[in-house]
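To be precise, the following lines are upload11.txt, and they hold compact mmCIF, C-alpha atoms (C1' of nucleotides).
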```txt
# COMPACT_ATOMS: atom_id res chain seq x y z
CA MET A 183 28.92 4.17 4.84
CA SER A 184 25.45 2.77 5.24
CA ASN A 185 25.08 2.97 1.48
CA VAL A 186 27.91 0.55 0.82
CA LYS A 187 26.77 -2.69 -0.79
CA VAL A 188 27.69 -5.49 1.53
CA LEU A 189 25.00 -7.97 0.60
CA PRO A 190 27.01 -11.12 -0.03
CA LEU A 191 24.92 -12.82 -2.68
CA LEU A 192 22.49 -10.34 -4.07
CA GLU A 193 24.81 -9.33 -6.89
CA PRO A 194 24.52 -12.55 -8.90
CA ALA A 195 20.88 -12.82 -7.81
CA LEU A 196 20.42 -15.52 -10.39
CA GLU A 197 22.44 -18.26 -8.80
CA PRO A 198 21.95 -19.26 -5.19
CA CYS A 199 25.49 -18.07 -4.50
CA CYS A 200 26.95 -21.52 -4.10
CA PRO A 201 26.19 -25.08 -5.00
CA PRO A 202 24.44 -27.35 -2.51
CA LEU A 203 26.86 -28.29 0.22
CA ASN A 204 27.15 -31.87 -1.00
CA GLU A 205 27.74 -31.16 -4.66
CA ARG A 206 31.42 -30.38 -4.33
CA PRO A 207 33.73 -28.93 -1.69
CA LEU A 208 33.24 -25.19 -1.41
CA THR A 209 36.13 -22.99 -2.43
CA ALA A 210 37.65 -20.69 0.16
CA GLU A 211 35.93 -17.72 -1.40
CA GLU A 212 32.52 -19.37 -1.57
CA ALA A 213 32.85 -20.49 2.02
CA GLU A 214 33.77 -16.98 3.07
CA ARG A 215 30.66 -15.46 1.54
CA THR A 216 28.32 -18.19 2.70
CA ALA A 217 29.65 -18.26 6.24
CA VAL A 218 28.67 -14.62 6.67
CA MET A 219 25.02 -15.54 6.28
CA PHE A 220 25.12 -18.55 8.55
CA LYS A 221 27.07 -16.60 11.14
CA ALA A 222 24.38 -13.94 11.10
CA LEU A 223 21.87 -16.56 12.23
CA GLY A 224 24.34 -18.10 14.65
CA ASP A 225 23.46 -15.83 17.55
CA PRO A 226 20.35 -16.48 19.68
CA VAL A 227 19.35 -12.83 19.87
CA ARG A 228 19.69 -12.33 16.13
CA LEU A 229 17.76 -15.51 15.49
CA ARG A 230 14.92 -14.25 17.64
CA LEU A 231 14.95 -10.86 15.96
CA PHE A 232 14.97 -12.44 12.53
CA SER A 233 12.18 -14.82 13.45
CA ALA A 234 10.17 -11.95 14.87
CA VAL A 235 10.45 -10.01 11.63
CA ALA A 236 9.78 -13.06 9.46
CA SER A 237 6.71 -14.08 11.43
CA HIS A 238 5.30 -10.57 11.63
CA GLU A 239 2.40 -9.58 9.48
CA GLY A 240 3.51 -8.90 5.93
CA GLY A 241 7.02 -10.17 6.59
CA GLU A 242 8.05 -6.82 7.97
CA ALA A 243 8.12 -5.22 11.38
CA CYS A 244 8.96 -1.99 13.10
CA VAL A 245 11.90 -2.16 15.50
CA CYS A 246 9.52 -1.25 18.31
CA ASP A 247 7.52 -4.43 17.57
CA ILE A 248 10.40 -6.83 18.00
CA SER A 249 12.84 -5.27 20.46
CA ASP A 250 11.62 -7.25 23.45
CA VAL A 251 14.35 -9.89 23.39
CA GLY A 252 16.02 -9.18 26.72
CA VAL A 253 18.88 -6.95 25.61
CA SER A 254 19.31 -3.18 25.51
CA GLN A 255 18.13 -1.02 22.63
CA PRO A 256 21.67 -0.37 21.27
CA THR A 257 22.27 -4.11 21.22
CA VAL A 258 19.08 -4.69 19.25
CA SER A 259 20.17 -2.04 16.78
CA HIS A 260 23.58 -3.63 16.48
CA HIS A 261 22.15 -7.06 15.73
CA LEU A 262 19.69 -5.73 13.17
CA LYS A 263 22.61 -4.06 11.44
CA LYS A 264 24.46 -7.35 11.32
CA LEU A 265 21.47 -9.12 9.79
CA LYS A 266 21.19 -6.35 7.26
CA GLU A 267 24.88 -6.53 6.35
CA ALA A 268 24.51 -10.26 5.85
CA GLY A 269 21.76 -9.58 3.33
CA LEU A 270 19.05 -11.30 5.36
CA LEU A 271 17.08 -8.17 6.19
CA SER A 272 16.50 -4.83 4.55
CA SER A 273 15.29 -1.69 6.25
CA GLU A 274 13.27 1.34 5.39
CA ARG A 275 12.40 4.41 7.42
CA ARG A 276 8.76 5.46 7.35
CA GLY A 277 8.22 8.54 9.43
CA THR A 278 9.28 8.01 13.00
CA TRP A 279 9.74 4.28 12.69
CA VAL A 280 12.16 2.00 10.88
CA TYR A 281 10.78 -1.16 9.35
CA TYR A 282 12.81 -4.29 8.69
CA ARG A 283 11.71 -6.95 6.25
CA VAL A 284 13.11 -10.33 5.28
CA GLU A 285 14.94 -10.87 2.02
CA PRO A 286 13.15 -13.97 0.70
CA THR A 287 15.62 -14.62 -2.13
CA VAL A 288 18.56 -14.96 0.21
CA LEU A 289 16.56 -17.04 2.63
CA ALA A 290 15.53 -19.46 -0.10
CA ALA A 291 19.11 -19.73 -1.33
CA MET A 292 20.34 -20.66 2.12
CA GLY A 293 17.58 -23.20 2.51
CA GLN A 294 18.46 -24.90 -0.76
CA LEU A 295 22.07 -25.13 0.24
CA LEU A 296 20.86 -27.41 3.01
CA THR A 297 17.76 -29.17 1.73
CA LYS A 298 19.32 -30.20 -1.54
CA ALA A 299 22.25 -31.54 0.40
CA ALA A 300 19.97 -33.42 2.78
CA ALA A 301 17.92 -34.93 -0.02
CA ALA A 302 20.85 -36.49 -1.85
CA MET B 943 33.86 -37.70 26.88
CA SER B 944 33.36 -38.28 23.22
CA ASN B 945 30.39 -40.44 24.12
CA VAL B 946 28.51 -37.61 25.76
CA LYS B 947 25.32 -36.66 23.94
CA VAL B 948 25.57 -33.05 22.92
CA LEU B 949 23.51 -33.22 19.79
CA PRO B 950 21.04 -30.41 20.24
CA LEU B 951 18.07 -31.75 18.33
CA LEU B 952 18.54 -35.44 17.90
CA GLU B 953 16.68 -36.23 21.05
CA PRO B 954 13.23 -35.31 19.75
CA ALA B 955 14.27 -36.56 16.29
CA LEU B 956 10.63 -36.37 15.27
CA GLU B 957 10.14 -32.66 15.22
CA PRO B 958 12.50 -30.41 13.31
CA CYS B 959 13.43 -28.80 16.63
CA CYS B 960 11.69 -25.55 15.95
CA PRO B 961 8.97 -24.14 13.76
CA PRO B 962 9.85 -22.41 10.49
CA LEU B 963 11.35 -19.02 11.22
CA ASN B 964 8.29 -17.19 9.96
CA GLU B 965 5.64 -19.17 11.82
CA ARG B 966 6.06 -17.37 15.12
CA PRO B 967 8.87 -15.66 17.03
CA LEU B 968 11.26 -18.21 18.43
CA THR B 969 11.46 -18.48 22.20
CA ALA B 970 14.77 -17.80 23.90
CA GLU B 971 15.31 -21.50 24.43
CA GLU B 972 14.51 -22.45 20.85
CA ALA B 973 16.79 -19.72 19.57
CA GLU B 974 19.57 -20.94 21.83
CA ARG B 975 19.42 -24.46 20.47
CA THR B 976 19.02 -23.46 16.86
CA ALA B 977 21.76 -20.85 16.94
CA VAL B 978 24.28 -23.54 17.88
CA MET B 979 23.72 -25.24 14.55
CA PHE B 980 23.85 -22.08 12.46
CA LYS B 981 26.92 -20.92 14.33
CA ALA B 982 28.63 -24.19 13.49
CA LEU B 983 28.24 -23.38 9.79
CA GLY B 984 29.13 -19.74 10.37
CA ASP B 985 32.85 -20.25 10.00
CA PRO B 986 34.50 -20.50 6.57
CA VAL B 987 36.83 -23.31 7.54
CA ARG B 988 34.02 -25.35 9.07
CA LEU B 989 31.83 -24.73 6.07
CA ARG B 990 34.55 -26.07 3.78
CA LEU B 991 35.12 -29.09 5.99
CA PHE B 992 31.41 -29.81 6.15
CA SER B 993 31.02 -29.39 2.40
CA ALA B 994 33.99 -31.67 1.82
CA VAL B 995 32.43 -34.41 3.93
CA ALA B 996 28.97 -33.94 2.45
CA SER B 997 30.23 -34.03 -1.12
CA HIS B 998 32.52 -36.98 -0.56
CA GLU B 999 31.57 -40.39 -1.83
CA GLY B 1000 28.97 -41.99 0.41
CA GLY B 1001 28.50 -38.83 2.44
CA GLU B 1002 31.48 -39.69 4.59
CA ALA B 1003 35.17 -38.96 4.51
CA CYS B 1004 38.36 -39.67 6.38
CA VAL B 1005 39.98 -36.67 8.02
CA CYS B 1006 42.96 -37.17 5.77
CA ASP B 1007 40.74 -36.65 2.73
CA ILE B 1008 39.47 -33.24 3.76
CA SER B 1009 42.17 -31.61 5.86
CA ASP B 1010 43.59 -29.50 3.05
CA VAL B 1011 41.82 -26.28 3.95
CA GLY B 1012 44.79 -24.10 4.78
CA VAL B 1013 44.92 -24.46 8.55
CA SER B 1014 46.95 -26.68 10.84
CA GLN B 1015 45.96 -30.21 11.77
CA PRO B 1016 44.95 -29.30 15.35
CA THR B 1017 42.70 -26.59 13.95
CA VAL B 1018 41.02 -29.03 11.60
CA SER B 1019 40.44 -31.39 14.49
CA HIS B 1020 39.01 -28.57 16.56
CA HIS B 1021 36.53 -27.56 13.87
CA LEU B 1022 35.41 -31.12 13.23
CA LYS B 1023 34.72 -31.44 16.94
CA LYS B 1024 32.59 -28.30 16.81
CA LEU B 1025 30.58 -29.64 13.90
CA LYS B 1026 30.11 -32.89 15.77
CA GLU B 1027 28.97 -31.12 18.94
CA ALA B 1028 26.45 -29.17 16.88
CA GLY B 1029 24.99 -32.45 15.67
CA LEU B 1030 25.90 -31.87 12.04
CA LEU B 1031 28.51 -34.58 11.79
CA SER B 1032 29.15 -37.92 13.45
CA SER B 1033 32.44 -39.76 13.58
CA GLU B 1034 33.67 -43.31 13.71
CA ARG B 1035 37.15 -44.71 13.99
CA ARG B 1036 38.01 -47.49 11.56
CA GLY B 1037 41.53 -48.72 12.09
CA THR B 1038 44.02 -45.95 11.71
CA TRP B 1039 41.57 -43.44 10.28
CA VAL B 1040 38.60 -41.53 11.62
CA TYR B 1041 35.63 -41.07 9.32
CA TYR B 1042 33.15 -38.25 9.58
CA ARG B 1043 29.71 -38.41 8.02
CA VAL B 1044 26.86 -35.94 7.68
CA GLU B 1045 23.75 -36.20 9.80
CA PRO B 1046 21.03 -35.85 7.14
CA THR B 1047 18.17 -35.47 9.62
CA VAL B 1048 19.64 -32.38 11.20
CA LEU B 1049 20.59 -30.94 7.85
CA ALA B 1050 17.04 -31.35 6.55
CA ALA B 1051 15.61 -29.78 9.69
CA MET B 1052 17.80 -26.72 9.25
CA GLY B 1053 16.84 -26.47 5.62
CA GLN B 1054 13.14 -26.53 6.38
CA LEU B 1055 13.55 -23.79 8.94
CA LEU B 1056 14.60 -21.62 6.02
CA THR B 1057 12.78 -22.92 2.96
CA LYS B 1058 9.39 -23.03 4.63
CA ALA B 1059 9.98 -19.50 5.78
CA ALA B 1060 11.04 -18.40 2.32
CA ALA B 1061 8.04 -20.02 0.64
CA ALA B 1062 5.44 -18.29 2.75
C1' DC C 1369 58.71 -54.48 22.06
C1' DA C 1370 59.95 -50.06 19.27
C1' DC C 1371 58.65 -47.01 15.69
C1' DC C 1372 55.75 -44.58 12.46
C1' DT C 1373 51.44 -42.36 10.97
C1' DG C 1374 46.88 -40.35 11.84
C1' DT C 1375 44.10 -37.85 15.00
C1' DA C 1376 42.90 -35.60 19.43
C1' DT C 1377 44.01 -32.65 23.41
C1' DC C 1378 46.48 -28.98 25.97
C1' DG C 1379 48.06 -24.32 26.83
C1' DA C 1380 48.85 -19.86 25.15
C1' DT C 1381 47.72 -15.83 22.45
C1' DA C 1382 45.63 -12.50 19.37
C1' DG C 1383 41.60 -10.96 17.53
C1' DA C 1384 36.55 -11.04 17.08
C1' DC C 1385 32.18 -10.43 19.26
C1' DG C 1386 28.17 -9.32 22.46
C1' DT C 1387 26.89 -6.07 25.60
C1' DC C 1388 26.09 -1.72 27.81
C1' DA C 1389 25.91 3.47 28.99
C1' DA C 1390 26.41 7.73 26.86
C1' DC C 1391 25.67 10.35 23.10
C1' DA C 1392 24.05 11.53 18.33
C1' DT C 1393 20.61 11.77 14.76
C1' DA C 1394 15.95 11.80 12.52
C1' DG C 1395 11.31 12.85 12.31
C1' DA C 1396 6.81 14.53 14.49
C1' DC C 1397 4.53 18.10 16.69
C1' DA C 1398 3.59 22.28 19.24
C1' DT D 1359 12.39 27.02 17.38
C1' DG D 1360 12.25 23.62 21.07
C1' DT D 1361 11.01 19.16 22.78
C1' DC D 1362 9.77 14.48 22.70
C1' DT D 1363 10.16 9.73 20.90
C1' DA D 1364 12.42 6.23 18.01
C1' DT D 1365 16.56 4.52 16.29
C1' DG D 1366 21.55 4.50 15.25
C1' DT D 1367 26.51 5.25 16.63
C1' DT D 1368 30.52 5.45 19.66
C1' DG D 1369 33.71 3.76 23.00
C1' DA D 1370 34.84 0.64 26.48
C1' DC D 1371 34.91 -3.82 28.65
C1' DG D 1372 34.72 -8.76 29.35
C1' DT D 1373 34.19 -13.09 27.14
C1' DC D 1374 34.41 -16.20 23.43
C1' DT D 1375 36.94 -18.26 19.65
C1' DA D 1376 40.20 -19.41 15.90
C1' DT D 1377 44.71 -20.50 15.60
C1' DC D 1378 49.13 -22.53 16.57
C1' DG D 1379 53.10 -25.49 18.60
C1' DA D 1380 53.83 -29.07 21.67
C1' DT D 1381 52.30 -33.13 23.30
C1' DA D 1382 49.40 -37.29 24.00
C1' DC D 1383 46.91 -41.15 22.31
C1' DA D 1384 45.49 -44.92 19.01
C1' DG D 1385 46.45 -48.30 15.78
C1' DG D 1386 49.32 -50.47 12.32
C1' DT D 1387 53.85 -52.53 11.09
C1' DG D 1388 58.24 -54.36 11.77
```

Spit out the file's structure as structure tokens when you get a sec.
Amino acid sequence: MSNVKVLPLLEPALEPCCPPLNERPLTAEEAERTAVMFKALGDPVRLRLFSAVASHEGGEACVCDISDVGVSQPTVSHHLKKLKEAGLLSSERRGTWVYYRVEPTVLAAMGQLLTKAAAA
Amino acid sequence: MSNVKVLPLLEPALEPCCPPLNERPLTAEEAERTAVMFKALGDPVRLRLFSAVASHEGGEACVCDISDVGVSQPTVSHHLKKLKEAGLLSSERRGTWVYYRVEPTVLAAMGQLLTKAAAA
DNA sequence: CACCTGTATCGATAGACGTCAACATAGACA
DNA sequence: TGTCTATGTTGACGTCTATCGATACAGGTG
């Protein structure tokens, strides 16, 4: 089950998933895929976890490095899973610890959705 | 009630609310404010409405121009209110119609949160 | 004034979501 | 093998939220 590909926009990988938000109205399907990513960042705890990983040395961090966000350990695990399912983080086990790292491609795509829209 | 200021990051207006997501871990308060904006775009219907406004001529649109997203009129109104409360849209009544327009400052700030993080 | 159209609000409801305690799993080490 | 630590999963519970029909409000027109 954890092997299932749920990354919403890594399949095309060439296109940033969707056009900038001001180019044309998004289709229902485009909106569905894109909303998953924004929703993933739409929770304060997830935003802190993501920021903690992104700002950590090398753009990756062990769960033990970032789990001090005021919620229980299962909740941290749950939120990291959500971020992973949204394609924003990837994880890798190295010995005892699990390391999460940011997916820069997806991050850049999201950013361009907004900055290109803001510029025009 | 509609005059109440709920825009989460228009008060500073100088700073993009928070540092890029990879500069340092967000504080709880920063995450709280920022998550509101991402959450607003984390719904497919809202994303379509926002994209419809942003891509409309002049960056603004009447509700009647964009309300064909497959949900009832009260639901459209509800989502537009959410986007407005998040600071992403502003509205103005002109005669019979209400026009919504994008708030480019906020949009750019969100974009930089992501693009600066992706670049580094 | 009455009536029509466009938009917002109210109240209810079903489903999604965040959270936790309890338990399960994976790897390290003795 | 057994035990300890780190992380993930399960199940339950309360709250939030998306949605709708009904209704209210605003502005134009007659």

D:DT1375: which residues within 10 Å, counting all atoms listed in the file, same-chain residues fewer than 2 positions away excluded, as a ChimeraX atom specification?
-> /C:1383-1385 /D:1373,1377

Surrounding residues of stretch 267-275 of chain A excluding itself and chain neighbours under 4 positions, 6 Å, only C-alpha atoms (C1' of nucleotides), as a ChimeraX atom specification = /A:188-189,219,279-285

Draw an axis-aligned box tight on the listed atoms of stretch 1361-1380 of chain D, then pad every side by 4 Å and write out centre and edge lengths in Å to one decimal as AutoDock Vina command-line options.
```
--center_x 31.8 --center_y -5.0 --center_z 22.3 --size_x 52.1 --size_y 56.2 --size_z 22.1
```

Considering only C-alpha atoms, give me a table of residues in chain B that are at most 8 Å from chain A, with the closest atom pair and distance in Å for each, as CSV.
```
residue,atom,partner,partner_atom,distance
B:Leu963,CA,A:Ser233,CA,4.8
B:Asn964,CA,A:Ser237,CA,3.8
B:Glu965,CA,A:Ser237,CA,5.2
B:Arg966,CA,A:Ser237,CA,5.0
B:Pro967,CA,A:Ala234,CA,4.5
B:Leu968,CA,A:Arg230,CA,5.4
B:Thr969,CA,A:Arg230,CA,7.1
B:Ala970,CA,A:Pro226,CA,7.1
B:Ala973,CA,A:Pro226,CA,4.8
B:Glu974,CA,A:Pro226,CA,5.0
B:Thr976,CA,A:Pro226,CA,7.6
B:Ala977,CA,A:Gly224,CA,4.4
B:Val978,CA,A:Gly224,CA,6.3
B:Met979,CA,A:Gly224,CA,7.2
B:Phe980,CA,A:Gly224,CA,4.6
B:Lys981,CA,A:Gly224,CA,3.8
B:Ala982,CA,A:Gly224,CA,7.5
B:Leu983,CA,A:Phe220,CA,5.9
B:Gly984,CA,A:Lys221,CA,3.8
B:Asp985,CA,A:Ala217,CA,5.3
B:Pro986,CA,A:Ala213,CA,4.8
B:Val987,CA,A:Ala213,CA,7.4
B:Leu989,CA,A:Ala213,CA,6.0
B:Arg990,CA,A:Leu208,CA,5.4
B:Leu991,CA,A:Pro207,CA,7.8
B:Phe992,CA,A:Leu203,CA,7.6
B:Ser993,CA,A:Leu203,CA,4.8
B:Ala994,CA,A:Pro207,CA,4.5
B:Val995,CA,A:Asn204,CA,7.7
B:Ala996,CA,A:Asn204,CA,4.4
B:Ser997,CA,A:Asn204,CA,3.8
B:His998,CA,A:Asn204,CA,7.4
B:Gly1001,CA,A:Asn204,CA,7.9
B:Val1011,CA,A:Ala210,CA,7.9
B:Pro1046,CA,A:Ala300,CA,5.1
B:Thr1047,CA,A:Ala300,CA,7.4
B:Leu1049,CA,A:Ala300,CA,5.7
B:Ala1050,CA,A:Ala300,CA,5.2
B:Met1052,CA,A:Leu296,CA,7.0
B:Gly1053,CA,A:Gly293,CA,4.6
B:Gln1054,CA,A:Gly293,CA,6.8
B:Leu1055,CA,A:Gly293,CA,7.6
B:Leu1056,CA,A:Gly293,CA,4.9
B:Thr1057,CA,A:Gly293,CA,4.8
B:Ala1059,CA,A:Ala236,CA,7.4
B:Ala1060,CA,A:Pro286,CA,5.2
B:Ala1061,CA,A:Ala290,CA,7.5
```

Tell me, counting all atoms listed in the file, for each residue of chain A within 9 Å of chain C, which pair of atoms is nearest and how far apart they are in Å to one decimal, in rows ordered by chain and increasing number, as CSV.
```
residue,atom,partner,partner_atom,distance
A:Val253,CA,C:DT1387,C1',8.1
A:Ser254,CA,C:DC1388,C1',7.3
A:Pro256,CA,C:DC1388,C1',8.0
A:Thr257,CA,C:DT1387,C1',6.7
A:Gly277,CA,C:DG1395,C1',6.0
A:Thr278,CA,C:DG1395,C1',5.3
A:Trp279,CA,C:DG1395,C1',8.7
```
